[in-house]
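Coordinates from data-v8.txt are shown below (compact mmCIF, C-alpha atoms).
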```txt
# COMPACT_ATOMS: atom_id res chain seq x y z
CA MET A 1 0.00 0.00 0.00
CA SER A 2 1.09 3.56 -0.62
CA TYR A 3 1.23 6.20 2.09
CA SER A 4 1.61 9.95 2.36
CA LYS A 5 3.75 11.78 4.87
CA LEU A 6 2.12 14.38 7.08
CA SER A 7 2.84 18.02 6.26
CA ARG A 8 4.30 20.33 8.87
CA ASP A 9 0.86 21.81 9.45
CA GLN A 10 -0.67 18.36 9.86
CA ILE A 11 1.95 17.47 12.45
CA ALA A 12 1.19 20.72 14.31
CA ALA A 13 -2.54 20.00 14.22
CA ARG A 14 -1.94 16.50 15.58
CA VAL A 15 0.10 17.80 18.52
CA ALA A 16 -2.61 20.37 19.29
CA GLN A 17 -5.07 17.51 19.89
CA ASP A 18 -2.94 16.26 22.82
CA ILE A 19 -2.60 19.54 24.71
CA PRO A 20 -5.10 19.50 27.60
CA ASP A 21 -7.33 22.28 28.83
CA GLY A 22 -5.58 24.55 31.34
CA ALA A 23 -2.03 23.63 30.25
CA TYR A 24 0.89 26.06 30.26
CA VAL A 25 2.84 25.32 27.09
CA ASN A 26 6.04 26.55 25.43
CA LEU A 27 6.20 26.21 21.65
CA GLY A 28 9.76 25.98 20.34
CA ILE A 29 11.10 27.76 17.28
CA GLY A 30 10.16 26.31 13.89
CA LEU A 31 7.42 23.76 13.37
CA PRO A 32 6.15 23.90 17.00
CA THR A 33 5.08 27.54 16.64
CA LYS A 34 2.51 26.41 14.06
CA ILE A 35 0.60 24.62 16.83
CA SER A 36 -0.89 27.92 18.02
CA LYS A 37 -3.05 28.00 14.88
CA TYR A 38 -4.68 24.66 15.67
CA LEU A 39 -5.50 24.87 19.38
CA PRO A 40 -9.27 24.45 19.90
CA SER A 41 -11.00 27.65 20.98
CA GLU A 42 -13.01 25.85 23.66
CA LYS A 43 -9.82 25.08 25.61
CA ASP A 44 -7.98 27.55 27.84
CA ILE A 45 -4.34 26.92 26.93
CA PHE A 46 -1.67 29.37 28.05
CA LEU A 47 1.15 29.66 25.53
CA HIS A 48 4.56 30.80 26.77
CA SER A 49 7.42 32.19 24.70
CA GLU A 50 10.94 32.34 26.12
CA ASN A 51 11.46 35.94 25.03
CA GLY A 52 8.85 36.94 27.62
CA ILE A 53 5.19 36.41 26.68
CA LEU A 54 2.46 34.41 28.40
CA ALA A 55 -1.03 33.72 27.03
CA PHE A 56 -0.49 34.62 23.40
CA GLY A 57 -2.68 33.51 20.56
CA PRO A 58 -2.46 32.65 16.86
CA PRO A 59 -0.78 34.88 14.27
CA PRO A 60 -2.59 38.16 13.56
CA GLU A 61 -4.34 38.89 10.30
CA LYS A 62 -2.19 40.47 7.61
CA ASN A 63 -1.65 44.22 8.07
CA ASN A 64 -2.78 43.95 11.69
CA GLU A 65 0.60 43.00 13.18
CA ASP A 66 2.00 44.60 16.33
CA SER A 67 5.78 44.97 16.06
CA GLU A 68 6.12 44.56 19.83
CA LEU A 69 4.31 41.22 19.94
CA ILE A 70 6.57 38.49 18.57
CA ASN A 71 7.49 35.01 19.72
CA ALA A 72 10.99 33.57 20.13
CA GLY A 73 11.05 32.73 16.43
CA LYS A 74 10.48 36.42 15.56
CA GLU A 75 6.98 35.64 14.28
CA PHE A 76 4.05 37.96 14.97
CA VAL A 77 1.55 36.75 17.57
CA THR A 78 -1.59 38.08 19.23
CA LEU A 79 -2.08 38.63 22.95
CA LEU A 80 -5.14 37.02 24.52
CA GLU A 81 -7.23 38.60 27.24
CA GLY A 82 -5.24 38.44 30.47
CA GLY A 83 -1.98 37.87 28.60
CA ALA A 84 1.27 39.52 29.67
CA TYR A 85 4.81 40.25 28.55
CA PHE A 86 7.78 40.55 30.87
CA HIS A 87 11.56 40.43 31.33
CA HIS A 88 13.58 37.67 29.65
CA GLY A 89 14.97 36.67 33.05
CA ASP A 90 11.49 36.15 34.48
CA SER A 91 10.62 34.03 31.47
CA PHE A 92 13.60 31.75 32.05
CA ALA A 93 12.69 31.49 35.74
CA MET A 94 9.32 30.10 34.64
CA MET A 95 11.08 27.60 32.37
CA ARG A 96 13.65 26.47 34.91
CA GLY A 97 11.27 26.46 37.86
CA GLY A 98 9.00 23.69 36.60
CA HIS A 99 6.06 25.98 35.86
CA LEU A 100 5.43 24.71 32.31
CA ASP A 101 3.29 21.65 31.77
CA ILE A 102 4.52 20.93 28.25
CA CYS A 103 7.18 22.16 25.87
CA VAL A 104 7.25 21.24 22.19
CA LEU A 105 10.68 21.19 20.56
CA GLY A 106 12.22 20.28 17.23
CA ALA A 107 15.00 17.70 17.01
CA PHE A 108 18.06 16.59 15.08
CA GLN A 109 17.94 13.24 16.90
CA VAL A 110 16.00 11.48 19.64
CA ALA A 111 17.45 8.39 21.35
CA GLU A 112 15.43 5.39 22.45
CA ASN A 113 15.82 6.41 26.12
CA GLY A 114 14.48 9.92 25.49
CA ASP A 115 17.79 11.76 25.10
CA LEU A 116 17.36 14.81 22.85
CA ALA A 117 19.75 16.56 20.45
CA ASN A 118 18.44 19.73 18.83
CA TRP A 119 21.01 22.52 19.16
CA HIS A 120 24.10 21.41 17.20
CA THR A 121 24.98 18.72 14.68
CA GLY A 122 28.62 18.75 15.72
CA ALA A 123 29.73 19.73 12.22
CA SER A 124 32.61 22.19 12.12
CA ASP A 125 30.73 24.59 9.83
CA ALA A 126 27.40 24.37 11.69
CA ILE A 127 26.07 27.31 13.67
CA PRO A 128 25.01 26.14 17.16
CA ALA A 129 21.71 27.51 18.46
CA VAL A 130 21.02 26.62 22.07
CA GLY A 131 18.46 29.32 22.90
CA GLY A 132 16.31 28.09 25.77
CA ALA A 133 16.13 24.46 24.62
CA MET A 134 18.24 23.05 27.46
CA ASP A 135 16.22 24.94 30.07
CA LEU A 136 12.96 23.75 28.53
CA ALA A 137 14.10 20.14 28.16
CA ILE A 138 14.77 19.77 31.88
CA GLY A 139 12.27 22.33 33.20
CA ALA A 140 9.00 21.35 31.55
CA LYS A 141 6.92 18.57 33.08
CA LYS A 142 6.53 16.92 29.67
CA VAL A 143 8.58 17.25 26.49
CA PHE A 144 7.01 16.64 23.08
CA VAL A 145 9.19 16.53 19.96
CA THR A 146 8.14 17.31 16.39
CA THR A 147 10.43 16.18 13.58
CA ASP A 148 10.72 14.50 10.20
CA HIS A 149 11.22 10.77 10.65
CA ILE A 150 14.36 10.76 8.51
CA THR A 151 16.81 13.41 7.31
CA LYS A 152 16.97 14.72 3.75
CA GLN A 153 19.84 12.27 3.26
CA GLY A 154 17.65 9.36 4.37
CA GLU A 155 19.27 8.87 7.78
CA PRO A 156 17.04 8.02 10.76
CA LYS A 157 16.47 10.74 13.34
CA ILE A 158 15.20 8.28 15.96
CA VAL A 159 18.25 6.31 17.04
CA ALA A 160 19.62 3.94 19.68
CA GLU A 161 22.11 6.53 20.96
CA LEU A 162 22.75 10.18 20.09
CA SER A 163 25.66 10.96 17.81
CA TYR A 164 25.06 14.72 18.11
CA PRO A 165 25.68 16.85 21.22
CA ALA A 166 22.88 16.37 23.74
CA THR A 167 20.35 19.02 24.68
CA GLY A 168 18.79 17.01 27.52
CA LEU A 169 19.01 13.46 28.83
CA LYS A 170 15.99 11.16 29.22
CA CYS A 171 13.68 14.13 28.78
CA VAL A 172 11.44 13.31 25.78
CA ASP A 173 7.99 11.88 26.48
CA ARG A 174 6.40 11.74 23.02
CA ILE A 175 7.65 12.05 19.43
CA TYR A 176 5.50 13.30 16.55
CA THR A 177 6.98 12.66 13.11
CA ASP A 178 5.65 12.96 9.58
CA LEU A 179 4.99 9.21 9.72
CA CYS A 180 3.89 8.32 13.23
CA VAL A 181 3.42 9.14 16.92
CA ILE A 182 5.74 7.40 19.39
CA ASP A 183 5.62 7.26 23.18
CA VAL A 184 9.00 7.06 24.93
CA THR A 185 8.62 4.57 27.80
CA THR A 186 10.81 2.54 30.12
CA GLU A 187 9.81 -0.49 28.04
CA GLY A 188 10.93 1.09 24.78
CA LEU A 189 9.58 3.21 21.93
CA LYS A 190 5.89 2.45 21.46
CA VAL A 191 4.28 3.39 18.13
CA ILE A 192 0.73 4.44 18.98
CA GLU A 193 -0.21 5.85 15.55
CA LYS A 194 1.13 5.78 12.02
CA VAL A 195 -0.02 7.24 8.72
CA GLU A 196 -2.52 5.23 6.72
CA GLY A 197 -0.97 2.75 4.32
CA LEU A 198 2.41 2.58 6.09
CA SER A 199 3.31 -0.88 7.34
CA PHE A 200 5.04 -1.30 10.68
CA GLU A 201 7.90 -3.14 8.92
CA LYS A 202 8.49 -0.17 6.60
CA LEU A 203 8.42 2.24 9.53
CA GLN A 204 10.89 0.07 11.42
CA SER A 205 13.25 0.05 8.43
CA MET A 206 13.41 3.87 8.56
CA THR A 207 14.16 3.93 12.29
CA GLY A 208 17.57 3.57 13.89
CA THR A 209 16.41 1.53 16.87
CA LYS A 210 13.75 -1.03 17.77
CA LEU A 211 10.12 0.03 17.86
CA ILE A 212 7.18 -1.61 19.62
CA ASN A 213 3.96 -1.77 17.59
CA MET A 214 0.96 -0.63 19.64
CA THR A 215 -1.30 0.10 16.67
CA LEU A 216 -4.34 -2.08 16.02
CA ASP A 217 -4.14 -2.47 12.24
CA GLU A 218 -1.39 -5.10 12.26
```
Just dump the structure as structure tokens.
Amino acid sequence: MSYSKLSRDQIAARVAQDIPDGAYVNLGIGLPTKISKYLPSEKDIFLHSENGILAFGPPPEKNNEDSELINAGKEFVTLLEGGAYFHHGDSFAMMRGGHLDICVLGAFQVAENGDLANWHTGASDAIPAVGGAMDLAIGAKKVFVTTDHITKQGEPKIVAELSYPATGLKCVDRIYTDLCVIDVTTEGLKVIEKVEGLSFEKLQSMTGTKLINMTLDE
């Protein structure tokens, strides 16, 4: 059977389904920031940005941008009723103090034990970008990762052990890729969803470590 990979927006929409009412959530730079567009309006979800915003909303309509309201990825956002902006230091105190329920980060690699690498590939010509990723990885109560399942060169991004410099150790709880959703558990990596038409054997062949099939279609 043939299958289609999820788009970046489809991945964002899928993550949005798993964010509970009342959660305080940091959306990392890149794909995670798209999640703000797909959060259901009936839920009260408080989005945090490391540059110092709490309770922001989706992007504004074109020509209605406020140059003083941007997220950590320098994208325009809206401020919801009751929202606030504050000093960068206060923002990091929230991150490091365990006040965030969930953070959603991108990744270069995720290891089978939940180790995360997302700030540097280790290449001599690469530009490292730590930002607040290390603080978020250890400070948030849960860490979700959004990523392509394989690199543009066809290498797996979910591996037995990291080969890139680590951002955080044993910190990832769930992985959302363009092919599947994986829970990181003490028993191993459990595939709880995969795109229609993709066999578990094919998914396993594109993964750098053993997976456990928890889906019901095979």
For Glu196 in chain A: contacts at 10 Å, only C-alpha atoms, fewer than 5 positions along chain excluded, given as a ChimeraX atom specification: /A:1-5,179-180,217
Nearest to Ala140 in chain A by atom-to-atom distance, counting all atoms listed in the file, from A:His120, A:His48, A:His87, A:Lys210: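 Among the listed residues, the smallest separation from Ala140 in chain A belongs to A:His48.
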For Val15 in chain A, the nearest of the candidates A:Ile175, A:Ala117, A:Val191, A:Leu198, counting all atoms listed in the file: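 Among the listed residues, A:Ile175 lies closest to Val15 in chain A.
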Selection near Val159 in chain A, 6 Å with only C-alpha atoms, sequence-local residues under 2 positions removed, as a PyMOL selection string: chain A and resi 111+161+208-209
Computed interatomic separation between CA of Lys34 in chain A and CA of Gly106 in chain A (Å):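 Pair CA of Lys34 in chain A / CA of Gly106 in chain A returns 11.9 Å.
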Closest atom pairs, residues of range 122-144 of chain A within 12 Å of range 60-79 of chain A, all atoms listed in the file, as CSV:
```
residue,atom,partner,partner_atom,distance
A:Gly131,CA,A:Ala72,CA,9.0
A:Gly132,CA,A:Ala72,CA,9.5
A:Ala133,CA,A:Ala72,CA,11.4
```
Between CA of Phe46 in chain A and CA of Ala137 in chain A, distance in Å (one decimal):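 That distance, rounded to one decimal, is 18.3 Å.
Shortest atom-to-atom contact with Val184 in chain A among A:Gly114, A:Gly30, A:Gly197, A:Gly154: A:Gly114, counting only C-alpha atoms.
With CA of Ile11 in chain A on one side and CA of Gly97 in chain A on the other, the separation reads 28.5 Å.
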Of the listed residues A:Gly139, A:Gly188, A:Pro156, A:Gly83, that which approaches Gly98 in chain A most closely, counting all atoms listed in the file: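 Under the stated criterion, the closest residue is A:Gly139.
Close contacts of Glu193 in chain A, defined as residues with an atom at most 12 Å away when counting only C-alpha atoms, with chain neighbours fewer than 6 positions off set aside, comprise Arg14, Arg174, Ile175, Tyr176, Thr177, Asp178, Leu179, Cys180, Val181, Ile182, Asp183, Ser199, Phe200, Leu203, Ile212, Asn213, Met214, Thr215, Leu216, Asp217 and Glu218 of chain A.
The neighbours of Leu162 in chain A here are the residues that come within 12 Å of it, using only C-alpha atoms and leaving out any residue fewer than 4 positions away in the same chain; they are Ala107, Phe108, Gln109, Val110, Ala111, Glu112, Asn113, Gly114, Asp115, Leu116, Ala117, Asn118, His120, Thr121, Gly122, Pro156, Lys157, Ile158, Ala166, Thr167, Gly168, Leu169, Lys170, Gly208 and Thr209 of chain A.
Using only C-alpha atoms, the smallest distance between any of A:Val130, A:Tyr24, A:Thr146, A:Val195 and Asp9 in chain A comes from A:Thr146.
Minimum atom-to-atom distances from A:Thr33, A:Thr151, A:Asn26, A:Gln204 to Ala55 in chain A were compared using only C-alpha atoms, and the lowest value belongs to A:Asn26.
Excluding Ser41 in chain A itself and any same-chain residue fewer than 2 positions from it, the protein and nucleic acid residues within 12 Å of it, counting all atoms listed in the file, are Ala16, Gln17, Asp21, Ser36, Lys37, Tyr38, Leu39, Lys43, Asp44, Ile45, Phe46, Gly57, Pro58 and Leu80 of chain A.
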Polymer residues at most 7 Å from (8.8, 19.8, 24.6) by all atoms listed in the file, as a list in words: Ile102, Cys103, Val104, Leu105, Leu136, Ala137, Lys142, Val143, Phe144 and Val145 of chain A
